[in-house]
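Colleague: Here you go, this is entry.cif (mmCIF, C-alpha atoms).
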```
data_coords
loop_
_atom_site.label_atom_id
_atom_site.label_comp_id
_atom_site.auth_asym_id
_atom_site.auth_seq_id
_atom_site.Cartn_x
_atom_site.Cartn_y
_atom_site.Cartn_z
CA MET M 1239 134.36 84.23 141.83
CA ARG M 1240 133.61 87.64 140.39
CA VAL M 1241 132.71 87.99 136.72
CA LEU M 1242 131.04 90.64 134.60
CA LEU M 1243 127.89 89.21 133.04
CA ASN M 1244 126.18 91.39 130.44
CA GLY M 1245 127.78 94.41 132.06
CA VAL M 1246 126.69 93.53 135.58
CA GLU M 1247 128.94 92.20 138.33
CA ASN M 1248 128.05 88.66 139.24
CA ASN M 1249 129.30 85.82 141.35
CA VAL M 1250 129.67 82.39 139.82
CA GLU M 1251 131.23 79.16 141.05
CA GLU M 1252 134.81 78.31 140.25
CA ASP M 1253 135.51 75.91 137.41
CA ILE M 1254 132.24 76.64 135.65
CA SER M 1255 131.97 76.12 131.89
CA VAL M 1256 129.92 78.15 129.44
CA ILE M 1257 127.37 75.36 129.09
CA ASP M 1258 127.03 75.24 132.89
CA LEU M 1259 126.29 78.95 132.95
CA LEU M 1260 123.65 78.59 130.23
CA ASN M 1261 122.04 75.56 131.89
CA GLN M 1262 121.90 77.29 135.27
CA ASN M 1263 119.97 80.12 133.63
CA SER M 1264 117.77 77.81 131.53
CA LEU M 1265 119.17 79.18 128.31
CA PRO M 1266 119.19 77.05 125.15
CA ALA M 1267 122.67 76.56 123.71
CA ASP M 1268 121.39 76.98 120.19
CA ALA M 1269 120.47 80.55 119.27
CA THR M 1270 122.50 81.86 122.22
CA VAL M 1271 125.74 83.68 121.44
CA VAL M 1272 128.51 83.91 124.02
CA GLU M 1273 131.45 86.29 123.94
CA ILE M 1274 134.17 86.28 126.60
CA ASN M 1275 136.59 89.19 126.83
CA GLY M 1276 135.71 90.22 123.30
CA SER M 1277 136.12 86.77 121.74
CA ILE M 1278 133.16 84.87 120.37
CA ILE M 1279 132.98 81.33 121.76
CA ASP M 1280 132.17 78.71 119.15
CA PRO M 1281 129.12 76.70 120.29
CA SER M 1282 131.12 73.48 119.88
CA ARG M 1283 133.31 74.71 122.72
CA PHE M 1284 130.55 75.58 125.21
CA ALA M 1285 131.25 72.49 127.30
CA ASP M 1286 135.03 72.91 127.28
CA GLU M 1287 135.36 76.67 127.65
CA LYS M 1288 135.88 77.52 131.31
CA ILE M 1289 134.92 80.84 132.78
CA LEU M 1290 137.72 82.54 134.69
CA GLU M 1291 137.69 85.19 137.40
CA ASN M 1292 137.05 88.72 136.15
CA ASP M 1293 135.97 87.51 132.71
CA ALA M 1294 133.69 89.94 130.88
CA ILE M 1295 130.97 87.68 129.51
CA GLU M 1296 128.31 88.70 127.04
CA VAL M 1297 125.36 86.34 126.59
CA LEU M 1298 123.24 87.41 123.65
CA ARG M 1299 120.29 86.27 121.59
CA PHE M 1300 118.10 87.41 118.75
CA VAL M 1301 115.08 89.52 119.61
CA GLY M 1302 112.38 91.11 117.49
CA GLY M 1303 113.77 93.89 115.34
CA GLY M 1304 113.22 95.77 112.09
CA MET D 48 104.85 84.54 81.79
CA GLN D 49 108.34 83.92 83.15
CA GLU D 50 108.73 83.70 86.92
CA ASP D 51 109.93 86.99 88.40
CA TYR D 52 112.69 86.16 90.87
CA LEU D 53 114.80 88.42 93.04
CA LYS D 54 118.37 87.27 93.51
CA ILE D 55 120.24 88.58 96.56
CA GLY D 56 123.57 87.01 97.38
CA ASP D 57 123.13 83.32 96.67
CA LYS D 58 119.41 83.32 97.48
CA ILE D 59 116.61 83.29 94.94
CA LEU D 60 113.51 84.98 96.35
CA THR D 61 109.95 84.85 95.11
CA SER D 62 108.68 87.35 97.68
CA ARG D 63 109.56 91.02 97.40
CA LEU D 64 108.21 91.85 100.85
CA PHE D 65 110.70 91.62 103.70
CA VAL D 66 109.28 91.90 107.21
CA GLY D 67 110.63 92.86 110.60
CA THR D 68 109.76 91.29 113.93
CA GLY D 69 110.12 94.31 116.20
CA LYS D 70 107.43 96.07 118.25
CA PHE D 71 104.90 93.25 118.25
CA GLY D 72 102.96 93.57 121.48
CA ASP D 73 102.23 89.86 121.28
CA GLU D 74 105.01 87.98 119.50
CA SER D 75 102.87 84.86 119.15
CA VAL D 76 101.22 86.50 116.09
CA ILE D 77 104.56 86.49 114.29
CA PRO D 78 104.26 83.00 112.71
CA LYS D 79 100.83 83.78 111.21
CA MET D 80 101.99 87.26 110.18
CA ILE D 81 104.98 85.80 108.34
CA GLU D 82 102.83 83.17 106.68
CA LEU D 83 100.26 85.69 105.38
CA SER D 84 102.97 88.15 104.34
CA GLY D 85 104.69 85.47 102.26
CA ALA D 86 107.97 87.04 103.33
CA GLN D 87 111.13 85.00 103.05
CA ILE D 88 113.55 87.52 104.53
CA ILE D 89 112.87 88.28 108.19
CA THR D 90 114.84 90.78 110.23
CA VAL D 91 115.78 90.36 113.89
CA ALA D 92 118.02 92.26 116.29
CA MET D 93 120.69 91.03 118.69
CA ARG D 94 120.57 91.96 122.36
CA ARG D 95 121.87 90.92 125.75
CA ILE D 96 119.76 88.25 127.36
CA ASP D 97 117.66 89.46 130.26
CA PHE D 98 118.30 86.77 132.86
CA SER D 99 115.32 87.80 134.93
CA SER D 100 112.77 87.23 132.19
CA GLN D 101 111.93 83.93 130.54
CA GLU D 102 110.84 85.30 127.17
CA LYS D 103 110.56 82.88 124.32
CA ASN D 104 113.32 83.36 121.77
CA VAL D 105 111.94 85.22 118.75
CA VAL D 106 113.70 82.77 116.42
CA SER D 107 111.29 80.07 117.61
CA TYR D 108 108.47 82.06 115.96
CA ILE D 109 110.21 82.20 112.58
CA PRO D 110 109.83 79.23 110.18
CA LYS D 111 113.11 77.45 109.47
CA SER D 112 112.51 77.95 105.75
CA CYS D 113 112.85 81.73 106.15
CA ILE D 114 116.11 83.60 105.73
CA LEU D 115 117.05 85.36 108.94
CA MET D 116 118.56 88.82 108.45
CA PRO D 117 119.97 90.13 111.73
CA ASN D 118 120.33 93.89 111.86
CA THR D 119 123.20 95.68 113.57
CA SER D 120 120.86 97.99 115.47
CA GLY D 121 122.59 99.51 118.47
CA ALA D 122 125.76 100.11 116.44
CA ARG D 123 126.86 103.74 116.47
CA ASN D 124 129.85 103.24 114.18
CA ALA D 125 131.37 100.77 111.76
CA GLN D 126 133.35 98.83 114.38
CA GLU D 127 130.24 98.22 116.50
CA ALA D 128 128.30 97.13 113.43
CA VAL D 129 131.05 94.70 112.48
CA ARG D 130 131.11 93.25 116.01
CA ILE D 131 127.34 92.76 116.06
CA ALA D 132 127.38 91.15 112.61
CA ARG D 133 130.07 88.67 113.70
CA LEU D 134 128.10 87.84 116.86
CA ALA D 135 124.94 87.33 114.82
CA LYS D 136 126.75 85.02 112.42
CA ALA D 137 128.00 83.00 115.41
CA ALA D 138 124.36 82.22 116.23
CA GLY D 139 124.46 80.03 113.15
CA CYS D 140 121.59 81.52 111.22
CA GLY D 141 123.31 82.25 107.91
CA ASN D 142 125.41 85.08 106.58
CA PHE D 143 122.81 87.73 105.69
CA VAL D 144 123.18 90.96 107.64
CA LYS D 145 121.40 94.30 107.54
CA ILE D 146 123.87 97.00 108.45
CA GLU D 147 122.27 99.66 110.57
CA VAL D 148 124.65 102.31 111.91
CA ILE D 149 122.79 105.06 113.73
CA ALA D 150 124.20 107.71 116.04
CA ASP D 151 121.13 109.97 115.85
CA ASN D 152 118.52 109.25 118.51
CA LYS D 153 116.01 111.80 117.31
CA TYR D 154 115.42 110.70 113.73
CA LEU D 155 117.32 107.40 113.72
CA LEU D 156 118.88 108.44 110.43
CA PRO D 157 121.72 106.14 109.39
CA ASP D 158 125.36 107.15 109.04
CA ASN D 159 126.21 106.38 105.41
CA GLU D 160 129.95 106.92 105.84
CA GLN D 161 130.32 104.46 108.72
CA THR D 162 128.01 102.05 106.88
CA ILE D 163 130.34 102.01 103.87
CA LYS D 164 133.28 101.14 106.15
CA ALA D 165 131.33 98.30 107.74
CA ILE D 166 130.33 96.90 104.33
CA ASP D 167 133.93 96.83 103.23
CA ILE D 168 135.01 94.73 106.25
CA LEU D 169 132.02 92.38 106.34
CA VAL D 170 131.93 91.58 102.61
CA LYS D 171 135.55 90.40 102.90
CA GLU D 172 134.43 88.06 105.74
CA GLY D 173 131.84 86.42 103.52
CA PHE D 174 128.68 88.19 104.67
CA THR D 175 125.82 88.99 102.32
CA VAL D 176 125.44 92.64 103.24
CA LEU D 177 122.30 94.74 102.87
CA PRO D 178 122.98 98.27 104.15
CA TYR D 179 120.24 100.50 105.51
CA MET D 180 121.08 103.99 104.29
CA SER D 181 119.97 107.55 103.74
CA PRO D 182 119.18 107.90 100.05
CA ASP D 183 122.18 109.54 98.42
CA LEU D 184 123.47 108.39 95.05
CA MET D 185 127.17 108.86 95.83
CA SER D 186 126.92 106.84 99.04
CA ALA D 187 124.95 104.15 97.22
CA ARG D 188 127.69 103.90 94.58
CA ARG D 189 130.33 103.54 97.28
CA MET D 190 128.25 100.87 99.00
CA ARG D 191 127.90 99.01 95.72
CA ASP D 192 131.65 99.29 95.12
CA ALA D 193 132.30 97.97 98.63
CA GLY D 194 130.33 94.84 97.70
CA ALA D 195 126.83 95.36 99.09
CA ALA D 196 124.37 92.75 97.79
CA ALA D 197 121.51 95.26 97.70
CA ILE D 198 120.97 98.84 98.90
CA MET D 199 118.23 99.72 101.37
CA PRO D 200 117.35 103.42 101.36
CA LEU D 201 114.85 104.68 103.93
CA GLY D 202 111.38 105.75 102.82
CA ALA D 203 110.95 107.90 105.95
CA PRO D 204 112.47 107.76 109.44
CA ILE D 205 112.12 104.45 111.25
CA GLY D 206 108.83 103.81 112.97
CA THR D 207 107.11 106.96 111.72
CA ASN D 208 104.71 105.32 109.23
CA LYS D 209 105.11 108.57 107.28
CA GLY D 210 105.28 106.92 103.89
CA PHE D 211 107.54 107.11 100.88
CA LYS D 212 108.92 110.61 101.53
CA THR D 213 112.24 110.00 99.80
CA ARG D 214 110.72 108.92 96.49
CA GLU D 215 112.64 111.37 94.27
CA LEU D 216 116.04 110.37 95.59
CA VAL D 217 115.19 106.67 95.61
CA LYS D 218 114.03 106.93 91.98
CA ILE D 219 117.45 108.26 91.05
CA MET D 220 119.10 105.33 92.81
CA ILE D 221 116.83 102.83 91.05
CA ASP D 222 117.70 104.38 87.69
CA GLU D 223 121.44 104.64 88.30
CA ILE D 224 122.51 101.72 90.51
CA ASP D 225 122.61 98.22 89.10
CA LEU D 226 121.74 96.48 92.38
CA PRO D 227 118.42 95.60 94.02
CA ILE D 228 117.06 98.70 95.77
CA VAL D 229 114.94 97.76 98.79
CA VAL D 230 112.91 100.59 100.35
CA ASP D 231 113.25 100.10 104.08
CA ALA D 232 111.67 102.14 106.94
CA GLY D 233 108.86 104.57 107.12
CA ILE D 234 106.44 102.79 104.78
CA GLY D 235 103.10 103.09 106.57
CA LYS D 236 100.52 101.77 104.11
CA PRO D 237 100.28 99.07 101.49
CA SER D 238 99.63 101.78 98.85
CA GLU D 239 103.04 103.26 99.68
CA ALA D 240 104.70 99.89 99.26
CA ALA D 241 102.89 99.52 95.92
CA GLU D 242 104.19 102.93 94.86
CA ALA D 243 107.77 101.93 95.60
CA MET D 244 107.34 98.74 93.60
CA GLU D 245 105.69 100.58 90.68
CA MET D 246 108.73 102.83 90.60
CA GLY D 247 111.02 99.84 90.16
CA ALA D 248 112.17 99.07 93.69
CA ALA D 249 113.28 95.45 93.98
CA ALA D 250 111.50 94.95 97.31
CA VAL D 251 110.29 96.74 100.42
CA LEU D 252 110.97 96.05 104.09
CA VAL D 253 108.10 96.74 106.47
CA ASN D 254 108.05 96.42 110.24
CA THR D 255 106.20 99.15 112.19
CA ALA D 256 103.27 99.45 109.77
CA ILE D 257 102.48 95.77 110.32
CA ALA D 258 103.44 95.50 114.00
CA THR D 259 101.36 98.52 115.04
CA ALA D 260 98.39 97.82 112.79
CA GLY D 261 94.98 97.03 114.24
CA ASN D 262 95.25 93.52 112.83
CA SER D 263 98.86 92.65 112.04
CA VAL D 264 98.06 89.44 110.20
CA LEU D 265 95.52 91.17 107.95
CA MET D 266 97.90 94.08 107.35
CA ALA D 267 100.73 91.70 106.46
CA GLU D 268 98.47 90.12 103.86
CA ALA D 269 97.54 93.56 102.53
CA PHE D 270 101.20 94.45 102.15
CA ALA D 271 101.86 91.17 100.36
CA ASP D 272 99.09 91.94 97.86
CA ALA D 273 100.30 95.53 97.40
CA VAL D 274 103.89 94.51 96.71
CA LYS D 275 102.72 91.97 94.14
CA ALA D 276 100.40 94.53 92.53
CA GLY D 277 103.10 97.18 92.33
CA ARG D 278 105.58 94.72 90.86
CA LYS D 279 103.17 93.47 88.19
CA ALA D 280 102.36 97.06 87.23
CA TYR D 281 106.06 97.88 86.92
CA LEU D 282 106.71 94.82 84.76
CA SER D 283 103.73 95.67 82.59
CA GLY D 284 104.72 99.26 81.97
CA PHE D 285 102.26 102.11 82.31
CA GLY D 286 99.96 103.78 79.81
CA ALA D 287 100.89 107.31 78.75
CA VAL D 288 99.81 110.23 80.91
CA SER D 289 98.00 113.00 79.05
CA ASP D 290 96.81 116.51 79.93
CA LEU D 291 93.86 116.33 77.58
CA ALA D 292 91.10 113.75 77.73
CA ASN D 293 91.21 110.76 75.35
CA ALA D 294 87.85 109.04 75.07
CA SER D 295 87.67 105.47 76.23
CA SER D 296 84.67 104.62 74.06
CA PRO D 297 84.53 104.95 70.20
CA LEU D 298 84.03 108.41 68.73
CA THR D 299 81.90 107.12 65.83
CA GLY D 300 78.55 105.44 65.53
CA PHE D 301 76.90 107.57 68.17
CA LEU D 302 73.21 107.01 68.73
CA ARG D 303 71.41 110.19 67.72
#
```
As structure tokens - that is how I would like this structure written.
Modeller:
Amino acid sequence: MRVLLNGVENNVEEDISVIDLLNQNSLPADATVVEINGSIIDPSRFADEKILENDAIEVLRFVGGG
Amino acid sequence: MQEDYLKIGDKILTSRLFVGTGKFGDESVIPKMIELSGAQIITVAMRRIDFSSQEKNVVSYIPKSCILMPNTSGARNAQEAVRIARLAKAAGCGNFVKIEVIADNKYLLPDNEQTIKAIDILVKEGFTVLPYMSPDLMSARRMRDAGAAAIMPLGAPIGTNKGFKTRELVKIMIDEIDLPIVVDAGIGKPSEAAEAMEMGAAAVLVNTAIATAGNSVLMAEAFADAVKAGRKAYLSGFGAVSDLANASSPLTGFLR
């Protein structure tokens, strides 16, 4: 199904959870921030939160900065 | 002599040098750089993950004992700064935030007005807010009234290494605002950091001068020494300045 991932159109499987998405991309759940349709997803909900078609997903992390 | 602590929010700091983690060609020097700098407050930025690259997360280079201070770089207005701050807090690294609202790509000068609005919202949400700002006493007063934990005026535009160009205006802020004043941006040399501390700044934040130095670890250590030197000098108080000479050796008992 189509989703927007960090501003780019992407195709992901149906019934995928946030933690699945992170695992598929080898991303650690800690120190990764996920926002779906403008709402921040609490890390405790990564396993339960399902990604739906046309969701706008932001996957963010800290980088070097001043 | 009593210990000289800096209290910001609910944190008691013994180091008055804050360091940034941006622009390091090789991020693996960051742990040693932080260690030699003695810095306790470390800034980071928040960005979209690049799925194609497998970069190590910068947080893994920062000791757990340090206080992470995410900046809101990328924000062009108060609402964007607030969003970034909330996202950063969701990463679970504490409630310190450096507000950086910049809509000027040429000089990267901050927007004081939007910064004040962001402070107002974020303080109410429990953040410890340190705003990066263009030195202006009125704006600083408004930021203090909005609940900022410290004020961070620029020394010179970000990344220029130009030095403490704003000294006159920052001095006014130090004299008039009863909050820690942290000189942030533009400091290029340890001597400039020492100057800010001698003037009475509470701390300095240095990124580019260390990241782009020939030897970042050595430069971080130099900045640590300079900040301590400047602070001790300030606490001591200076001898009087005179136009005429005053002999350092006795004026009697000359050998003739």
Colleague: Kindly determine which residues of chain D lie within 10 Å of chain M, considering all atoms listed in the file, and give the answer as a ChimeraX atom specification.
Modeller: /D:65-71,74,77,89-99,101-108,116-120,130,133-140,145,147,205-206,231-232,252-255,258
Colleague: What's around Ile163 of chain D at 9 Å? Count all atoms listed in the file, leave out sequence neighbours fewer than 6 positions away in its own chain, and write the answer as a list in words.
Modeller: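 Here the answer would be Ala125, Pro178, Ser186, Ala187, Arg189, Met190, Ala193 and Ala195 of chain D.
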Colleague: Write out as JSON, numbers by chain each polymer residue whose atoms come within 10 Å of Asp1286 of chain M, counting only C-alpha atoms; drop sequence neighbours fewer than 2 positions from it.
Modeller: {"M": [1254, 1255, 1256, 1257, 1281, 1282, 1283, 1284, 1288, 1289]}
Colleague: Would you write out, as a list in words, every residue that the PyMOL selection byres ((chain D and resi 275) around 9) captures in this file?
Modeller: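 Output from the PyMOL selection byres ((chain D and resi 275) around 9), applied to this file: Ser62, Arg63, Leu64, Ala241, Met244, Phe270, Ala271, Asp272, Ala273, Val274, Ala276, Gly277, Arg278, Lys279 and Ala280 of chain D.
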Colleague: May I have the residues from that selection written out with C-alpha atoms, as a PDB file, keeping the file's coordinate frame?
Modeller:
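The result, written out as part-v6.pdb:
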```pdb
ATOM      1  CA  SER D  62     108.680  87.350  97.680  1.00  0.00           C
ATOM      2  CA  ARG D  63     109.560  91.020  97.400  1.00  0.00           C
ATOM      3  CA  LEU D  64     108.210  91.850 100.850  1.00  0.00           C
ATOM      4  CA  ALA D 241     102.890  99.520  95.920  1.00  0.00           C
ATOM      5  CA  MET D 244     107.340  98.740  93.600  1.00  0.00           C
ATOM      6  CA  PHE D 270     101.200  94.450 102.150  1.00  0.00           C
ATOM      7  CA  ALA D 271     101.860  91.170 100.360  1.00  0.00           C
ATOM      8  CA  ASP D 272      99.090  91.940  97.860  1.00  0.00           C
ATOM      9  CA  ALA D 273     100.300  95.530  97.400  1.00  0.00           C
ATOM     10  CA  VAL D 274     103.890  94.510  96.710  1.00  0.00           C
ATOM     11  CA  ALA D 276     100.400  94.530  92.530  1.00  0.00           C
ATOM     12  CA  GLY D 277     103.100  97.180  92.330  1.00  0.00           C
ATOM     13  CA  ARG D 278     105.580  94.720  90.860  1.00  0.00           C
ATOM     14  CA  LYS D 279     103.170  93.470  88.190  1.00  0.00           C
ATOM     15  CA  ALA D 280     102.360  97.060  87.230  1.00  0.00           C
TER      16      ALA D 280
END
```
Colleague: Can you turn the PyMOL selection byres ((chain D and resi 201) around 10) into a concrete residue list for this file, as an MDAnalysis selection string?
Modeller: chainID D and resid 156:157 179:182 198:200 202:205 210:214 217 229:234 251:252
Colleague: Work out how far apart atom CA of Ala267 of chain D and atom CA of Ala243 of chain D are and give it in Å to one decimal.
Modeller: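 Pair atom CA of Ala267 of chain D / atom CA of Ala243 of chain D returns 16.5 Å.
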Colleague: Nearest to Asp1258 of chain M: which of M:Val1246, M:Ala1294, M:Met1239, M:Ala1285 is it, counting only C-alpha atoms?
Modeller: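 Among the listed residues, the smallest separation from Asp1258 of chain M belongs to M:Ala1285.
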Colleague: What would segment 280-291 of chain D look like with N, CA and C atoms restored, written as a CSV table (one decimal), in the coordinates of the input?
Modeller:
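What landed in rebuild-v5.csv:
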```
chain,number,residue,atom,x,y,z
D,280,ALA,N,102.6,95.8,88.0
D,280,ALA,CA,102.4,97.1,87.2
D,280,ALA,C,103.7,97.5,86.6
D,281,TYR,N,104.7,97.5,87.4
D,281,TYR,CA,106.1,97.9,86.9
D,281,TYR,C,106.5,97.0,85.7
D,282,LEU,N,106.3,95.7,85.8
D,282,LEU,CA,106.7,94.8,84.8
D,282,LEU,C,105.9,95.0,83.5
D,283,SER,N,104.6,95.4,83.7
D,283,SER,CA,103.7,95.7,82.6
D,283,SER,C,104.2,96.9,81.8
D,284,GLY,N,104.5,97.9,82.6
D,284,GLY,CA,104.7,99.3,82.0
D,284,GLY,C,103.4,100.0,82.0
D,285,PHE,N,103.5,101.3,82.1
D,285,PHE,CA,102.3,102.1,82.3
D,285,PHE,C,101.8,102.7,81.0
D,286,GLY,N,100.5,103.0,80.9
D,286,GLY,CA,100.0,103.8,79.8
D,286,GLY,C,100.4,105.2,79.9
D,287,ALA,N,100.4,105.9,78.8
D,287,ALA,CA,100.9,107.3,78.8
D,287,ALA,C,100.0,108.2,79.6
D,288,VAL,N,100.6,109.2,80.2
D,288,VAL,CA,99.8,110.2,80.9
D,288,VAL,C,99.5,111.4,80.0
D,289,SER,N,98.4,111.9,80.0
D,289,SER,CA,98.0,113.0,79.0
D,289,SER,C,97.3,114.1,79.8
D,290,ASP,N,97.5,115.4,79.3
D,290,ASP,CA,96.8,116.5,79.9
D,290,ASP,C,95.4,116.6,79.4
D,291,LEU,N,95.2,116.2,78.2
D,291,LEU,CA,93.9,116.3,77.6
D,291,LEU,C,93.2,115.0,77.7
```
